[in-house]
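Source file entry.txt; content: compact mmCIF, C-alpha atoms (C1' of nucleotides).
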```
# COMPACT_ATOMS: atom_id res chain seq x y z
CA MET A 1 0.00 0.00 0.00
CA ARG A 2 1.42 3.31 -1.06
CA PRO A 3 1.72 6.24 1.36
CA SER A 4 -1.53 8.08 1.91
CA ARG A 5 -1.77 11.28 -0.04
CA THR A 6 -3.72 13.16 2.59
CA SER A 7 -1.02 12.59 5.14
CA ARG A 8 1.60 14.35 3.04
CA GLU A 9 -0.91 17.10 2.31
CA GLU A 10 -1.38 17.61 6.02
CA ILE A 11 2.36 17.73 6.57
CA LEU A 12 2.78 20.30 3.80
CA GLN A 13 -0.03 22.30 5.35
CA LYS A 14 1.79 22.49 8.69
CA LEU A 15 5.07 23.32 6.99
CA SER A 16 3.48 26.06 4.93
CA GLN A 17 2.26 27.83 8.06
CA VAL A 18 5.80 28.07 9.39
CA PHE A 19 7.26 29.20 6.07
CA ARG A 20 4.55 31.79 5.60
CA ARG A 21 4.89 33.18 9.11
CA ASP A 22 8.68 33.24 9.41
CA GLY A 23 9.98 33.19 5.85
CA TYR A 24 12.47 30.74 4.42
CA THR A 25 15.51 31.69 6.48
CA GLY A 26 13.42 32.29 9.57
CA ALA A 27 11.93 28.81 9.48
CA SER A 28 14.40 26.49 11.20
CA LEU A 29 14.29 22.71 10.86
CA ALA A 30 13.50 22.56 14.55
CA ASP A 31 10.48 24.85 13.99
CA LEU A 32 9.38 22.86 10.96
CA ALA A 33 9.74 19.47 12.63
CA ASN A 34 7.96 20.82 15.68
CA ALA A 35 5.02 22.08 13.64
CA VAL A 36 4.63 18.71 11.94
CA GLY A 37 5.05 16.84 15.20
CA LEU A 38 8.01 14.75 14.10
CA GLY A 39 11.72 14.70 14.77
CA LYS A 40 14.10 16.38 12.37
CA ALA A 41 15.41 13.05 11.11
CA SER A 42 11.88 11.93 10.24
CA LEU A 43 11.39 15.04 8.16
CA TYR A 44 14.50 14.16 6.20
CA GLN A 45 13.01 10.74 5.51
CA LYS A 46 10.12 12.48 3.77
CA PHE A 47 12.14 15.29 2.22
CA PRO A 48 15.60 13.87 1.38
CA ASP A 49 16.75 17.19 -0.09
CA GLY A 50 15.98 19.01 3.12
CA LYS A 51 14.64 22.50 3.58
CA ALA A 52 14.91 23.46 -0.08
CA GLN A 53 12.67 20.55 -1.05
CA MET A 54 10.22 21.37 1.72
CA GLY A 55 9.92 24.91 0.43
CA GLU A 56 9.46 23.69 -3.11
CA GLU A 57 6.70 21.25 -2.24
CA VAL A 58 5.08 23.72 0.11
CA LEU A 59 4.90 26.25 -2.72
CA ALA A 60 3.29 23.67 -4.98
CA GLU A 61 0.78 22.70 -2.29
CA ILE A 62 -0.02 26.34 -1.57
CA GLY A 63 -0.58 26.83 -5.28
CA ARG A 64 -3.09 23.98 -5.39
CA GLN A 65 -4.86 25.27 -2.30
CA PHE A 66 -5.03 28.79 -3.68
CA ASP A 67 -6.36 27.49 -6.95
CA GLY A 68 -9.12 25.60 -5.18
CA GLU A 69 -10.13 28.17 -2.60
CA VAL A 70 -9.59 31.41 -4.48
CA LEU A 71 -9.31 30.93 -8.23
CA ALA A 72 -11.88 28.18 -8.81
CA PRO A 73 -14.77 30.53 -7.89
CA VAL A 74 -13.35 33.14 -10.27
CA ARG A 75 -13.49 30.70 -13.19
CA GLU A 76 -16.83 29.08 -12.53
CA ALA A 77 -20.02 30.01 -14.37
CA GLY A 78 -22.45 32.57 -12.97
CA PRO A 79 -22.84 36.28 -12.39
CA ILE A 80 -19.62 38.31 -12.15
CA ASP A 81 -20.45 39.86 -8.81
CA ARG A 82 -21.09 36.52 -7.22
CA ARG A 83 -17.80 35.09 -8.50
CA LEU A 84 -15.90 38.15 -7.32
CA SER A 85 -17.40 37.99 -3.87
CA LYS A 86 -16.69 34.27 -3.64
CA MET A 87 -13.07 35.01 -4.47
CA LEU A 88 -12.93 37.64 -1.75
CA ALA A 89 -14.36 35.17 0.73
CA GLY A 90 -11.75 32.68 -0.42
CA LEU A 91 -9.02 35.26 0.12
CA ARG A 92 -10.21 36.01 3.64
CA LYS A 93 -10.03 32.34 4.46
CA PHE A 94 -6.75 31.70 2.67
CA TYR A 95 -5.03 34.58 4.46
CA GLU A 96 -6.87 33.91 7.71
CA ASP A 97 -8.40 37.37 7.73
CA GLY A 98 -5.05 39.07 7.32
CA LYS A 99 -3.24 37.19 10.04
CA LEU A 100 -1.31 34.74 7.86
CA PRO A 101 1.22 36.21 5.41
CA CYS A 102 1.45 35.31 1.74
CA ALA A 103 4.23 33.01 0.56
CA LEU A 104 4.76 35.33 -2.41
CA ASP A 105 6.01 37.81 0.16
CA THR A 106 7.82 35.70 2.72
CA LEU A 107 9.37 33.17 0.32
CA SER A 108 10.70 35.77 -2.09
CA LEU A 109 13.24 37.28 0.30
CA GLY A 110 17.00 36.83 -0.02
CA GLU A 111 18.23 33.42 -1.13
CA ALA A 112 14.71 31.97 -1.32
CA GLY A 113 13.83 34.54 -3.96
CA GLN A 114 16.43 33.02 -6.29
CA LEU A 115 15.61 29.45 -5.28
CA TYR A 116 11.89 29.76 -6.00
CA ARG A 117 12.01 32.27 -8.79
CA HIS A 118 9.97 30.25 -11.26
CA PRO A 119 7.17 28.92 -9.03
CA LEU A 120 6.73 32.41 -7.58
CA SER A 121 6.34 34.17 -10.89
CA GLU A 122 4.14 31.38 -12.23
CA ALA A 123 1.82 31.70 -9.25
CA ILE A 124 1.48 35.42 -9.89
CA ARG A 125 0.84 34.83 -13.55
CA HIS A 126 -1.96 32.35 -12.82
CA TRP A 127 -3.66 34.68 -10.40
CA GLN A 128 -3.50 37.67 -12.71
CA GLU A 129 -4.67 35.61 -15.65
CA ALA A 130 -7.81 34.45 -13.84
CA LEU A 131 -8.55 38.01 -12.75
CA THR A 132 -7.93 39.45 -16.18
CA ASN A 133 -10.42 37.01 -17.68
CA LEU A 134 -12.97 37.99 -15.07
CA GLY A 135 -12.39 41.66 -15.81
CA GLU A 136 -12.93 41.12 -19.51
CA GLU A 137 -16.11 39.15 -18.85
CA ALA A 138 -17.24 42.12 -16.78
CA GLY A 139 -16.89 44.29 -19.85
CA LEU A 140 -13.45 45.81 -19.37
CA SER A 141 -11.14 46.15 -22.35
CA PRO A 142 -8.23 43.69 -22.28
CA ALA A 143 -5.87 46.49 -21.29
CA LYS A 144 -8.12 47.77 -18.50
CA ALA A 145 -8.76 44.25 -17.30
CA ALA A 146 -5.02 43.59 -17.02
CA VAL A 147 -4.52 46.78 -15.03
CA TRP A 148 -7.44 45.95 -12.77
CA ALA A 149 -6.05 42.45 -12.16
CA GLU A 150 -2.65 43.84 -11.27
CA GLU A 151 -4.21 46.34 -8.90
CA VAL A 152 -6.22 43.66 -7.13
CA VAL A 153 -3.16 41.49 -6.52
CA ILE A 154 -1.19 44.54 -5.41
CA SER A 155 -3.94 45.54 -2.99
CA ILE A 156 -4.03 42.13 -1.37
CA GLN A 157 -0.26 41.91 -1.03
CA GLY A 158 0.03 45.45 0.25
CA ALA A 159 -2.78 45.02 2.73
CA LEU A 160 -1.17 41.86 4.09
CA VAL A 161 2.17 43.60 4.58
CA LEU A 162 0.55 46.59 6.21
CA SER A 163 -1.64 44.48 8.47
CA ARG A 164 1.38 42.59 9.66
CA ALA A 165 3.65 45.60 10.11
CA ALA A 166 0.98 47.66 11.85
CA ASN A 167 -0.24 44.63 13.76
CA ASP A 168 -3.79 45.37 12.66
CA PRO A 169 -5.66 42.75 10.62
CA GLU A 170 -8.50 45.23 10.15
CA ILE A 171 -6.43 46.84 7.41
CA PHE A 172 -6.70 43.63 5.41
CA ARG A 173 -10.41 43.27 6.02
CA ARG A 174 -11.07 46.85 4.92
CA ALA A 175 -9.00 46.36 1.77
CA VAL A 176 -10.93 43.22 0.83
CA LYS A 177 -14.18 45.02 1.40
CA ARG A 178 -13.14 47.84 -0.91
CA LEU A 179 -12.21 45.36 -3.63
CA GLY A 180 -15.82 44.24 -3.70
CA LYS A 181 -16.84 47.65 -4.96
CA CYS A 182 -14.08 48.56 -7.36
CA LEU A 183 -14.78 46.47 -10.47
CA ALA A 184 -17.48 48.88 -11.54
CA ASP A 185 -15.14 51.85 -11.01
CA SER A 186 -12.59 50.46 -13.47
CA ARG A 187 -15.03 50.48 -16.35
CA MET B 1 36.43 65.33 19.37
CA ARG B 2 33.27 63.23 19.36
CA PRO B 3 32.62 60.61 16.68
CA SER B 4 31.47 62.07 13.39
CA ARG B 5 27.73 61.80 12.86
CA THR B 6 27.93 61.23 9.12
CA SER B 7 30.12 58.22 9.63
CA ARG B 8 27.49 56.46 11.71
CA GLU B 9 24.85 57.52 9.20
CA GLU B 10 26.85 55.90 6.45
CA ILE B 11 27.21 52.71 8.46
CA LEU B 12 23.48 52.59 9.13
CA GLN B 13 22.88 53.15 5.44
CA LYS B 14 24.95 50.10 4.51
CA LEU B 15 23.32 48.02 7.24
CA SER B 16 19.85 49.03 6.12
CA GLN B 17 20.50 47.73 2.62
CA VAL B 18 21.27 44.26 3.97
CA PHE B 19 18.30 44.24 6.34
CA ARG B 20 15.95 45.42 3.62
CA ARG B 21 17.16 42.87 1.08
CA ASP B 22 17.42 39.80 3.31
CA GLY B 23 15.20 40.51 6.29
CA TYR B 24 16.20 40.35 9.93
CA THR B 25 16.90 36.61 10.18
CA GLY B 26 18.41 36.51 6.71
CA ALA B 27 20.95 39.20 7.51
CA SER B 28 23.91 37.52 9.20
CA LEU B 29 26.56 39.41 11.11
CA ALA B 30 29.04 38.32 8.47
CA ASP B 31 26.84 39.92 5.78
CA LEU B 32 26.36 43.05 7.83
CA ALA B 33 30.04 43.46 8.68
CA ASN B 34 30.94 42.80 5.10
CA ALA B 35 28.57 45.46 3.81
CA VAL B 36 30.01 48.03 6.20
CA GLY B 37 33.57 47.00 5.42
CA LEU B 38 34.55 46.17 8.99
CA GLY B 39 35.19 43.03 11.00
CA LYS B 40 32.40 41.59 13.08
CA ALA B 41 34.14 42.57 16.31
CA SER B 42 34.30 46.20 15.15
CA LEU B 43 30.55 46.19 14.57
CA TYR B 44 30.06 45.06 18.17
CA GLN B 45 32.17 48.01 19.28
CA LYS B 46 29.63 50.32 17.64
CA PHE B 47 26.56 48.27 18.50
CA PRO B 48 27.17 46.61 21.87
CA ASP B 49 23.74 44.99 21.89
CA GLY B 50 24.41 43.31 18.57
CA LYS B 51 22.00 42.65 15.77
CA ALA B 52 18.91 43.75 17.67
CA GLN B 53 20.43 47.19 18.22
CA MET B 54 21.54 47.41 14.61
CA GLY B 55 18.01 46.73 13.47
CA GLU B 56 16.64 49.28 15.88
CA GLU B 57 18.98 52.04 14.78
CA VAL B 58 18.57 51.09 11.15
CA LEU B 59 14.80 51.48 11.47
CA ALA B 60 15.28 54.92 13.04
CA GLU B 61 17.67 55.96 10.30
CA ILE B 62 15.35 54.67 7.60
CA GLY B 63 12.56 56.68 9.21
CA ARG B 64 14.61 59.87 9.04
CA GLN B 65 15.58 59.20 5.45
CA PHE B 66 12.00 58.46 4.44
CA ASP B 67 10.85 61.60 6.16
CA GLY B 68 13.37 63.69 4.24
CA GLU B 69 13.06 62.12 0.82
CA VAL B 70 9.37 61.21 0.72
CA LEU B 71 7.31 62.99 3.36
CA ALA B 72 8.97 66.42 3.40
CA PRO B 73 7.71 67.16 -0.14
CA VAL B 74 4.22 66.11 0.91
CA ARG B 75 4.19 68.65 3.73
CA GLU B 76 5.78 71.59 1.97
CA ALA B 77 3.77 74.53 0.57
CA GLY B 78 2.68 74.60 -3.05
CA PRO B 79 0.21 73.04 -5.45
CA ILE B 80 -1.12 69.59 -4.50
CA ASP B 81 -0.17 67.94 -7.76
CA ARG B 82 3.40 69.11 -7.51
CA ARG B 83 3.75 67.82 -3.96
CA LEU B 84 2.23 64.48 -4.90
CA SER B 85 4.54 64.03 -7.85
CA LYS B 86 7.53 65.00 -5.72
CA MET B 87 6.53 62.31 -3.26
CA LEU B 88 6.28 59.76 -6.06
CA ALA B 89 9.75 60.75 -7.28
CA GLY B 90 10.96 60.37 -3.70
CA LEU B 91 9.42 56.92 -3.50
CA ARG B 92 11.07 55.82 -6.72
CA LYS B 93 14.43 56.87 -5.33
CA PHE B 94 13.83 55.48 -1.84
CA TYR B 95 12.83 52.07 -3.19
CA GLU B 96 15.39 52.20 -6.00
CA ASP B 97 12.72 51.88 -8.65
CA GLY B 98 11.23 48.78 -7.08
CA LYS B 99 14.48 46.90 -6.63
CA LEU B 100 15.00 47.55 -2.90
CA PRO B 101 12.36 46.13 -0.53
CA CYS B 102 10.69 48.11 2.24
CA ALA B 103 11.75 47.54 5.84
CA LEU B 104 8.08 47.55 6.83
CA ASP B 105 7.88 44.31 4.93
CA THR B 106 11.20 42.60 5.57
CA LEU B 107 11.61 43.65 9.22
CA SER B 108 8.09 42.66 10.25
CA LEU B 109 8.55 38.92 9.73
CA GLY B 110 8.80 36.40 12.54
CA GLU B 111 10.74 37.45 15.62
CA ALA B 112 11.60 40.86 14.18
CA GLY B 113 7.93 41.71 13.98
CA GLN B 114 7.63 41.46 17.74
CA LEU B 115 10.98 43.13 18.35
CA TYR B 116 10.19 46.20 16.26
CA ARG B 117 6.46 46.37 16.77
CA HIS B 118 6.39 49.98 17.89
CA PRO B 119 8.76 51.63 15.41
CA LEU B 120 7.02 49.78 12.57
CA SER B 121 3.52 50.91 13.46
CA GLU B 122 4.73 54.44 14.17
CA ALA B 123 6.35 54.63 10.76
CA ILE B 124 3.10 53.60 9.12
CA ARG B 125 1.14 56.11 11.17
CA HIS B 126 3.45 58.97 10.13
CA TRP B 127 3.20 58.11 6.47
CA GLN B 128 -0.57 57.78 6.51
CA GLU B 129 -0.93 60.99 8.50
CA ALA B 130 1.04 63.02 5.98
CA LEU B 131 -0.99 61.54 3.12
CA THR B 132 -4.30 62.09 4.87
CA ASN B 133 -3.45 65.75 5.33
CA LEU B 134 -2.59 66.04 1.67
CA GLY B 135 -5.84 64.38 0.71
CA GLU B 136 -7.84 66.81 2.83
CA GLU B 137 -6.00 69.75 1.33
CA ALA B 138 -6.95 68.34 -2.06
CA GLY B 139 -10.58 68.63 -1.04
CA LEU B 140 -11.35 65.13 0.16
CA SER B 141 -13.46 64.63 3.25
CA PRO B 142 -11.46 63.43 6.28
CA ALA B 143 -12.92 59.95 5.86
CA LYS B 144 -12.16 59.77 2.14
CA ALA B 145 -8.70 61.20 2.70
CA ALA B 146 -7.92 58.50 5.25
CA VAL B 147 -9.05 55.78 2.86
CA TRP B 148 -7.03 57.29 0.03
CA ALA B 149 -3.93 57.45 2.24
CA GLU B 150 -4.33 53.82 3.23
CA GLU B 151 -4.75 52.79 -0.39
CA VAL B 152 -1.62 54.64 -1.44
CA VAL B 153 0.51 52.94 1.21
CA ILE B 154 -1.05 49.59 0.35
CA SER B 155 -0.32 50.09 -3.34
CA ILE B 156 3.33 50.85 -2.72
CA GLN B 157 3.82 47.91 -0.39
CA GLY B 158 1.94 45.54 -2.67
CA ALA B 159 3.80 46.70 -5.75
CA LEU B 160 7.13 46.17 -3.99
CA VAL B 161 6.18 42.62 -2.98
CA LEU B 162 4.92 41.79 -6.43
CA SER B 163 7.94 43.30 -8.16
CA ARG B 164 10.23 41.20 -6.02
CA ALA B 165 8.27 37.96 -6.27
CA ALA B 166 7.74 38.30 -10.02
CA ASN B 167 11.26 39.61 -10.49
CA ASP B 168 9.90 42.53 -12.46
CA PRO B 169 10.56 46.09 -11.21
CA GLU B 170 8.28 47.41 -13.93
CA ILE B 171 5.33 46.44 -11.76
CA PHE B 172 6.48 48.99 -9.20
CA ARG B 173 7.05 51.70 -11.79
CA ARG B 174 3.58 51.18 -13.25
CA ALA B 175 2.00 51.33 -9.81
CA VAL B 176 3.74 54.60 -9.00
CA LYS B 177 2.65 56.04 -12.30
CA ARG B 178 -0.98 55.12 -11.60
CA LEU B 179 -0.79 56.81 -8.19
CA GLY B 180 -0.06 60.07 -9.93
CA LYS B 181 -3.51 60.01 -11.48
CA CYS B 182 -5.68 58.65 -8.72
CA LEU B 183 -6.12 61.57 -6.31
CA ALA B 184 -8.74 63.13 -8.55
CA ASP B 185 -10.60 59.81 -8.80
CA SER B 186 -11.06 59.61 -5.03
CA ARG B 187 -12.96 62.89 -4.88
C1' DG C 1 39.08 51.47 16.73
C1' DT C 2 40.08 47.55 14.34
C1' DC C 3 41.82 43.13 14.04
C1' DT C 4 42.63 37.78 14.96
C1' DA C 5 41.26 34.20 17.61
C1' DT C 6 37.96 31.81 19.98
C1' DA C 7 34.15 30.56 22.62
C1' DA C 8 29.25 29.07 22.78
C1' DT C 9 25.27 28.05 20.53
C1' DA C 10 22.05 27.14 16.83
C1' DG C 11 21.14 25.32 12.38
C1' DG C 12 21.23 21.88 8.59
C1' DA C 13 22.01 17.29 7.74
C1' DT C 14 23.26 12.16 8.47
C1' DA C 15 24.11 7.43 10.85
C1' DG C 16 22.38 3.86 12.93
C1' DA C 17 19.34 1.78 16.65
C1' DC C 18 14.67 0.35 17.35
C1' DG D 1 8.98 5.32 10.00
C1' DT D 2 10.53 7.41 13.90
C1' DC D 3 13.84 8.20 17.25
C1' DT D 4 18.52 9.42 19.68
C1' DA D 5 22.90 10.68 18.94
C1' DT D 6 26.09 12.95 16.35
C1' DC D 7 28.60 15.70 12.82
C1' DC D 8 29.75 19.82 10.57
C1' DT D 9 29.14 24.33 9.51
C1' DA D 10 27.42 28.93 10.28
C1' DT D 11 26.12 32.27 13.51
C1' DT D 12 26.18 35.25 17.44
C1' DA D 13 29.08 37.09 20.54
C1' DT D 14 33.39 38.05 23.31
C1' DA D 15 38.51 38.31 24.73
C1' DG D 16 42.55 40.22 24.10
C1' DA D 17 46.44 41.80 20.94
C1' DC D 18 47.86 45.76 18.17
```

Encoded form (structure tokens):
Amino acid sequence: MRPSRTSREEILQKLSQVFRRDGYTGASLADLANAVGLGKASLYQKFPDGKAQMGEEVLAEIGRQFDGEVLAPVREAGPIDRRLSKMLAGLRKFYEDGKLPCALDTLSLGEAGQLYRHPLSEAIRHWQEALTNLGEEAGLSPAKAAVWAEEVVISIQGALVLSRAANDPEIFRRAVKRLGKCLADSR
Amino acid sequence: MRPSRTSREEILQKLSQVFRRDGYTGASLADLANAVGLGKASLYQKFPDGKAQMGEEVLAEIGRQFDGEVLAPVREAGPIDRRLSKMLAGLRKFYEDGKLPCALDTLSLGEAGQLYRHPLSEAIRHWQEALTNLGEEAGLSPAKAAVWAEEVVISIQGALVLSRAANDPEIFRRAVKRLGKCLADSR
DNA sequence: GTCTATAATAGGATAGAC
DNA sequence: GTCTATCCTATTATAGAC
């Protein structure tokens, strides 16, 4: 019997929390092992290439989770407003109402930025692409839709940074709320 | 003769580059000493409390620099548009056209976030305050001015994160350019 | 003031028992 | 599969020479 897939998913979930909170350098193997509830040596059994591999698989897992919780609603059929507000609800959950940082931020610092260059830019591209399509469906020109998509991603990232630095998750919640009203304004 | 003030300023300038690029945990004493051009022991002569003190003084120095290069133009007399565009030029210089991260981002991760809680939130408050005043002078209601100020700060922070993660400083330049046109839209 | 040398500890990674 | 024990290197920090 092959190793259960959910189990690894759960491990990656725990690991991702540490990486997102503390960044790549800030996440020590002791922290990571602790979060998973295993010894360091056991982690190396599952990730023979060590921390770098953990980060890589965590990024992939985060990407899948983001796709399911945030982007799937954007792409489904139905009225634009409903899909947008489902995405915003997904974002609130994914970022735990502004209390959990984004890996695009915390895994792009220093050495990690080089290490994960491609997955990071691909993740951004996917997000913007889904939003651009939504913007066009809402009646924006391709150019305006692309700008709107970029501004949405920027707003989320900026609000997360500000919430963390100011220690005030309300900043994130306010920003999400404003995004619910701004599609019409871009027209 | 007491130690020259510019010399310490220059040291803090070098240190701040490392902290901003690599974050608090990512900046090792070897990196920091190297950037300054001194041995590690010499750094401890100047900062007896080590890395924590360096970060603290770096944040203070960054605050002064930001105040001079970015916020001073916002507060000076003259037409609103001119002051806004001077701020944007200041931002482009301060963030080296999107290539140098903001300390609000990279020094708010993990342990550093707790360590520098107060200077970080104070820095944000100062920035938002100056922008809110500008917004009111431009004719916005106090409430709308506060929202506009928050959105400007969010846009800058988000654009910096995105530029870094996507490895594309153009994202930052575009965002700054858009900020030059958005004050009127908030009215 | 700055350096070399060195201590003390933490971090990443592996060996081998169970 | 997981653990204890261990290795090696990097990191923070200090002592003491110049």

Excluding same-chain residues fewer than 3 positions from C:DA8, what lies within 10 Å of it counting all atoms listed in the file, as a VMD selection string? chain D and resid 12 to 14

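Put simply, atom CA of A:Pro101 is 24.4 Å away from atom CA of A:Ala146.
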
Quote the spacing between atom CA of A:Glu150 and atom CA of A:Asp67 in Å to one decimal place.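 Those two atoms sit 17.3 Å apart.
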
Contact table chain B vs chain A, cut-off 6 Å, shortest pair per residue, all atoms listed in the file, as a Markdown table:
```
| residue | atom | partner | partner_atom | distance |
| --- | --- | --- | --- | --- |
| B:Asp22 | CA | A:Gly110 | CA | 4.5 |
| B:Thr25 | CA | A:Gly26 | CA | 5.6 |
| B:Gly26 | CA | A:Thr25 | CA | 5.6 |
| B:Leu104 | CA | A:Ala165 | CA | 5.8 |
| B:Asp105 | CA | A:Val161 | CA | 5.8 |
| B:Ser108 | CA | A:Ala165 | CA | 5.3 |
| B:Leu109 | CA | A:Asp22 | CA | 5.7 |
| B:Gly110 | CA | A:Asp22 | CA | 4.4 |
| B:Leu120 | CA | A:Ala165 | CA | 5.9 |
| B:Ser121 | CA | A:Ala166 | CA | 4.4 |
| B:Ile154 | CA | A:Gly158 | CA | 4.3 |
| B:Ser155 | CA | A:Ser155 | CA | 5.8 |
| B:Gln157 | CA | A:Gly158 | CA | 4.6 |
| B:Gly158 | CA | A:Gly158 | CA | 3.5 |
| B:Ala159 | CA | A:Ile154 | CA | 5.4 |
| B:Val161 | CA | A:Asp105 | CA | 5.7 |
| B:Ala165 | CA | A:Ser108 | CA | 5.3 |
| B:Ala166 | CA | A:Ser121 | CA | 4.4 |
```

How many Å separate atom CA of B:Ala60 from atom CA of B:Asn133?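 It comes out at 23.0 Å.
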
Using the partial input, fill out stretch 147-154 of chain B with all heavy atoms; write the result as a PDB file, in the frame of the given file.
```pdb
ATOM      1  N   VAL B 147      -9.001  56.963   3.726  1.00  0.00           N
ATOM      2  CA  VAL B 147      -9.050  55.780   2.860  1.00  0.00           C
ATOM      3  C   VAL B 147      -8.036  55.906   1.734  1.00  0.00           C
ATOM      4  O   VAL B 147      -7.288  54.959   1.439  1.00  0.00           O
ATOM      5  CB  VAL B 147     -10.470  55.592   2.263  1.00  0.00           C
ATOM      6  CG1 VAL B 147     -10.449  54.525   1.178  1.00  0.00           C
ATOM      7  CG2 VAL B 147     -11.452  55.226   3.360  1.00  0.00           C
ATOM      8  N   TRP B 148      -7.988  57.084   1.117  1.00  0.00           N
ATOM      9  CA  TRP B 148      -7.030  57.290   0.030  1.00  0.00           C
ATOM     10  C   TRP B 148      -5.599  57.069   0.521  1.00  0.00           C
ATOM     11  O   TRP B 148      -4.809  56.381  -0.134  1.00  0.00           O
ATOM     12  CB  TRP B 148      -7.178  58.705  -0.549  1.00  0.00           C
ATOM     13  CG  TRP B 148      -6.134  59.024  -1.573  1.00  0.00           C
ATOM     14  CD1 TRP B 148      -6.074  58.573  -2.857  1.00  0.00           C
ATOM     15  CD2 TRP B 148      -4.978  59.859  -1.389  1.00  0.00           C
ATOM     16  NE1 TRP B 148      -4.955  59.067  -3.489  1.00  0.00           N
ATOM     17  CE2 TRP B 148      -4.273  59.858  -2.619  1.00  0.00           C
ATOM     18  CE3 TRP B 148      -4.477  60.612  -0.322  1.00  0.00           C
ATOM     19  CZ2 TRP B 148      -3.088  60.576  -2.787  1.00  0.00           C
ATOM     20  CZ3 TRP B 148      -3.299  61.322  -0.499  1.00  0.00           C
ATOM     21  CH2 TRP B 148      -2.611  61.311  -1.712  1.00  0.00           C
ATOM     22  N   ALA B 149      -5.281  57.610   1.683  1.00  0.00           N
ATOM     23  CA  ALA B 149      -3.930  57.450   2.240  1.00  0.00           C
ATOM     24  C   ALA B 149      -3.606  55.967   2.442  1.00  0.00           C
ATOM     25  O   ALA B 149      -2.528  55.500   2.068  1.00  0.00           O
ATOM     26  CB  ALA B 149      -3.818  58.194   3.576  1.00  0.00           C
ATOM     27  N   GLU B 150      -4.562  55.252   3.006  1.00  0.00           N
ATOM     28  CA  GLU B 150      -4.330  53.820   3.230  1.00  0.00           C
ATOM     29  C   GLU B 150      -4.115  53.097   1.907  1.00  0.00           C
ATOM     30  O   GLU B 150      -3.242  52.240   1.790  1.00  0.00           O
ATOM     31  CB  GLU B 150      -5.520  53.209   3.976  1.00  0.00           C
ATOM     32  CG  GLU B 150      -5.278  51.791   4.455  1.00  0.00           C
ATOM     33  CD  GLU B 150      -6.290  51.352   5.495  1.00  0.00           C
ATOM     34  OE1 GLU B 150      -6.107  51.726   6.674  1.00  0.00           O
ATOM     35  OE2 GLU B 150      -7.266  50.669   5.151  1.00  0.00           O
ATOM     36  N   GLU B 151      -4.887  53.461   0.909  1.00  0.00           N
ATOM     37  CA  GLU B 151      -4.750  52.790  -0.390  1.00  0.00           C
ATOM     38  C   GLU B 151      -3.415  53.100  -1.052  1.00  0.00           C
ATOM     39  O   GLU B 151      -2.841  52.237  -1.726  1.00  0.00           O
ATOM     40  CB  GLU B 151      -5.915  53.182  -1.298  1.00  0.00           C
ATOM     41  CG  GLU B 151      -7.211  52.488  -0.892  1.00  0.00           C
ATOM     42  CD  GLU B 151      -8.378  52.836  -1.812  1.00  0.00           C
ATOM     43  OE1 GLU B 151      -8.331  53.900  -2.470  1.00  0.00           O
ATOM     44  OE2 GLU B 151      -9.330  52.033  -1.868  1.00  0.00           O
ATOM     45  N   VAL B 152      -2.916  54.295  -0.860  1.00  0.00           N
ATOM     46  CA  VAL B 152      -1.620  54.640  -1.440  1.00  0.00           C
ATOM     47  C   VAL B 152      -0.520  53.787  -0.808  1.00  0.00           C
ATOM     48  O   VAL B 152       0.309  53.179  -1.503  1.00  0.00           O
ATOM     49  CB  VAL B 152      -1.303  56.140  -1.262  1.00  0.00           C
ATOM     50  CG1 VAL B 152       0.155  56.431  -1.623  1.00  0.00           C
ATOM     51  CG2 VAL B 152      -2.234  56.987  -2.106  1.00  0.00           C
ATOM     52  N   VAL B 153      -0.523  53.726   0.508  1.00  0.00           N
ATOM     53  CA  VAL B 153       0.510  52.940   1.210  1.00  0.00           C
ATOM     54  C   VAL B 153       0.397  51.468   0.816  1.00  0.00           C
ATOM     55  O   VAL B 153       1.403  50.799   0.549  1.00  0.00           O
ATOM     56  CB  VAL B 153       0.394  53.110   2.730  1.00  0.00           C
ATOM     57  CG1 VAL B 153       1.430  52.265   3.443  1.00  0.00           C
ATOM     58  CG2 VAL B 153       0.557  54.577   3.111  1.00  0.00           C
ATOM     59  N   ILE B 154      -0.829  50.978   0.763  1.00  0.00           N
ATOM     60  CA  ILE B 154      -1.050  49.590   0.350  1.00  0.00           C
ATOM     61  C   ILE B 154      -0.516  49.345  -1.057  1.00  0.00           C
ATOM     62  O   ILE B 154       0.151  48.330  -1.313  1.00  0.00           O
ATOM     63  CB  ILE B 154      -2.548  49.237   0.433  1.00  0.00           C
ATOM     64  CG1 ILE B 154      -2.950  48.995   1.889  1.00  0.00           C
ATOM     65  CG2 ILE B 154      -2.885  48.031  -0.433  1.00  0.00           C
ATOM     66  CD1 ILE B 154      -4.431  48.727   2.091  1.00  0.00           C
TER      67      ILE B 154
END
```
